[in-house]
Amino acid sequence: PLPDAATRARLWRSHLPARLPARLSAAELAELVAATESLAGGDILSAVLYAAAAALEREGPSCTITRDDFLGAIEAGRRARQAVGIGSD
């Protein structure tokens with residue numbers, strides 16, 4: 001089964017360690033939880049890694065990962081899943 005909202009929130013928090021240069025408000029975290037409905041825990045981890053890579057490429061080692069980086073990564077993951085025929089969202 002796919003994770004519910006409470007589990008997705010825990011997954012996001014666990015994949016965002018303090019040393020990761022991401023600063024999200026509680027409202028932004030809630031937005032990411034909602035945006036990942038119907039996605040698996042591995043998809044959330046992939047989104048974190050993709051967002052971190054995008055921020056690093058854009059700003060270099062002193063980057064900050066933004067809400068938009070995460071939302072872009074979620075959308076890229078959805079497009080990739082659809083391209084290979086996984087999921088119908």
# chains A, B, ... in the order shown; residues from 1 in each chain; ligands from 1
>>> residues_around(residues="Pro3 (chain A)", least_positions_apart="6", cutoff="10 Å", atoms="only C-alpha atoms", output="count of residues only")
9
>>> residues_around(residues="Glu28 (chain A)", least_positions_apart="2", cutoff="12 Å", atoms="only C-alpha atoms", output="VMD selection string")
chain A and resid 9 12 22 to 26 30 to 35 66 to 71
>>> write_last_selection(atoms="all heavy atoms", output="compact mmCIF listing (two decimals), in the first residue's frame")
# COMPACT_ATOMS: atom_id res chain seq x y z
N ALA A 9 4.52 12.50 5.60
CA ALA A 9 5.15 13.58 6.37
C ALA A 9 6.38 13.06 7.11
O ALA A 9 7.43 13.71 7.12
CB ALA A 9 4.14 14.18 7.36
N TRP A 12 9.15 12.56 4.53
CA TRP A 12 9.79 13.83 4.17
C TRP A 12 10.74 14.28 5.27
O TRP A 12 11.87 14.66 4.99
CB TRP A 12 8.73 14.92 3.90
CG TRP A 12 8.22 14.89 2.49
CD1 TRP A 12 7.02 14.42 2.06
CD2 TRP A 12 8.92 15.32 1.33
NE1 TRP A 12 6.93 14.54 0.70
CE2 TRP A 12 8.08 15.09 0.22
CE3 TRP A 12 10.18 15.87 1.10
CZ2 TRP A 12 8.44 15.41 -1.09
CZ3 TRP A 12 10.56 16.19 -0.21
CH2 TRP A 12 9.70 15.96 -1.27
N ALA A 22 18.15 22.73 3.08
CA ALA A 22 16.76 22.98 2.70
C ALA A 22 16.07 23.68 3.85
O ALA A 22 16.17 23.25 4.99
CB ALA A 22 16.06 21.67 2.37
N ARG A 23 15.39 24.73 3.55
CA ARG A 23 14.65 25.46 4.57
C ARG A 23 13.19 25.51 4.13
O ARG A 23 12.84 26.22 3.20
CB ARG A 23 15.20 26.88 4.74
CG ARG A 23 16.68 26.94 5.09
CD ARG A 23 16.98 26.28 6.43
NE ARG A 23 18.41 26.18 6.66
CZ ARG A 23 19.11 25.06 6.59
NH1 ARG A 23 18.53 23.93 6.28
NH2 ARG A 23 20.40 25.05 6.82
N LEU A 24 12.36 24.73 4.81
CA LEU A 24 10.95 24.67 4.47
C LEU A 24 10.12 25.04 5.69
O LEU A 24 10.38 24.56 6.79
CB LEU A 24 10.57 23.26 4.03
CG LEU A 24 11.20 22.73 2.74
CD1 LEU A 24 10.92 21.24 2.60
CD2 LEU A 24 10.69 23.50 1.55
N SER A 25 9.10 25.85 5.46
CA SER A 25 8.16 26.15 6.53
C SER A 25 7.25 24.94 6.72
O SER A 25 7.19 24.03 5.89
CB SER A 25 7.32 27.38 6.16
OG SER A 25 6.45 27.05 5.08
N ALA A 26 6.50 24.95 7.81
CA ALA A 26 5.54 23.86 8.05
C ALA A 26 4.50 23.81 6.93
O ALA A 26 4.10 22.73 6.50
CB ALA A 26 4.86 24.06 9.40
N ALA A 30 3.82 20.70 4.38
CA ALA A 30 2.47 20.17 4.18
C ALA A 30 2.12 20.14 2.68
O ALA A 30 1.47 19.21 2.20
CB ALA A 30 1.45 21.00 4.95
N GLU A 31 2.57 21.15 1.96
CA GLU A 31 2.33 21.19 0.51
C GLU A 31 3.04 20.01 -0.18
O GLU A 31 2.48 19.39 -1.09
CB GLU A 31 2.83 22.52 -0.05
CG GLU A 31 2.58 22.69 -1.53
CD GLU A 31 3.06 24.03 -2.06
OE1 GLU A 31 3.77 24.76 -1.34
OE2 GLU A 31 2.73 24.32 -3.22
N LEU A 32 4.27 19.71 0.25
CA LEU A 32 5.00 18.59 -0.34
C LEU A 32 4.32 17.26 0.00
O LEU A 32 4.26 16.36 -0.85
CB LEU A 32 6.45 18.58 0.14
CG LEU A 32 7.29 19.79 -0.26
CD1 LEU A 32 8.70 19.67 0.30
CD2 LEU A 32 7.31 19.98 -1.77
N VAL A 33 3.83 17.15 1.21
CA VAL A 33 3.10 15.93 1.60
C VAL A 33 1.89 15.75 0.70
O VAL A 33 1.64 14.66 0.18
CB VAL A 33 2.69 15.99 3.09
CG1 VAL A 33 1.72 14.88 3.44
CG2 VAL A 33 3.93 15.92 3.98
N ALA A 34 1.13 16.81 0.48
CA ALA A 34 -0.05 16.73 -0.39
C ALA A 34 0.35 16.44 -1.83
O ALA A 34 -0.32 15.65 -2.52
CB ALA A 34 -0.84 18.03 -0.31
N ALA A 35 1.43 17.03 -2.29
CA ALA A 35 1.86 16.85 -3.68
C ALA A 35 2.35 15.43 -3.97
O ALA A 35 2.41 15.02 -5.13
CB ALA A 35 2.97 17.85 -4.01
N THR A 66 15.05 24.72 -2.47
CA THR A 66 13.82 25.47 -2.26
C THR A 66 12.57 24.60 -2.45
O THR A 66 12.63 23.51 -3.01
CB THR A 66 13.73 26.65 -3.23
OG1 THR A 66 13.59 26.12 -4.57
CG2 THR A 66 14.97 27.54 -3.16
N ARG A 67 11.47 25.13 -2.04
CA ARG A 67 10.16 24.52 -2.27
C ARG A 67 9.98 24.22 -3.75
O ARG A 67 9.52 23.15 -4.12
CB ARG A 67 9.09 25.47 -1.75
CG ARG A 67 7.69 25.16 -2.19
CD ARG A 67 6.80 26.41 -1.98
NE ARG A 67 5.55 26.28 -2.67
CZ ARG A 67 5.35 26.63 -3.95
NH1 ARG A 67 6.32 27.12 -4.67
NH2 ARG A 67 4.17 26.48 -4.51
N ASP A 68 10.35 25.17 -4.59
CA ASP A 68 10.19 24.97 -6.03
C ASP A 68 11.08 23.85 -6.56
O ASP A 68 10.69 23.14 -7.48
CB ASP A 68 10.48 26.27 -6.78
CG ASP A 68 9.39 27.31 -6.57
OD1 ASP A 68 8.25 26.95 -6.21
OD2 ASP A 68 9.68 28.51 -6.76
N ASP A 69 12.27 23.69 -5.98
CA ASP A 69 13.12 22.56 -6.36
C ASP A 69 12.41 21.24 -6.07
O ASP A 69 12.40 20.32 -6.89
CB ASP A 69 14.46 22.58 -5.60
CG ASP A 69 15.36 23.72 -6.02
OD1 ASP A 69 15.42 24.07 -7.22
OD2 ASP A 69 16.05 24.27 -5.12
N PHE A 70 11.80 21.15 -4.88
CA PHE A 70 11.11 19.92 -4.50
C PHE A 70 9.89 19.69 -5.39
O PHE A 70 9.67 18.57 -5.86
CB PHE A 70 10.70 19.95 -3.04
CG PHE A 70 11.86 19.83 -2.09
CD1 PHE A 70 12.20 20.88 -1.26
CD2 PHE A 70 12.61 18.67 -2.03
CE1 PHE A 70 13.27 20.77 -0.38
CE2 PHE A 70 13.68 18.55 -1.15
CZ PHE A 70 14.01 19.62 -0.33
N LEU A 71 9.09 20.73 -5.64
CA LEU A 71 7.91 20.56 -6.48
C LEU A 71 8.30 20.19 -7.90
O LEU A 71 7.64 19.34 -8.54
CB LEU A 71 7.05 21.83 -6.46
CG LEU A 71 6.36 22.12 -5.13
CD1 LEU A 71 5.65 23.47 -5.19
CD2 LEU A 71 5.40 21.01 -4.75
>>> residues_around(residues="Pro21 (chain A)", least_positions_apart="5", cutoff="10 Å", atoms="only C-alpha atoms", output="VMD selection string")
chain A and resid 16 52 55 to 56 61 to 66
>>> select_by_dssp(residues="chain A", states="alpha helix (DSSP H)", output="ChimeraX atom specification")
/A:5-15,26-35,41-59,67-83
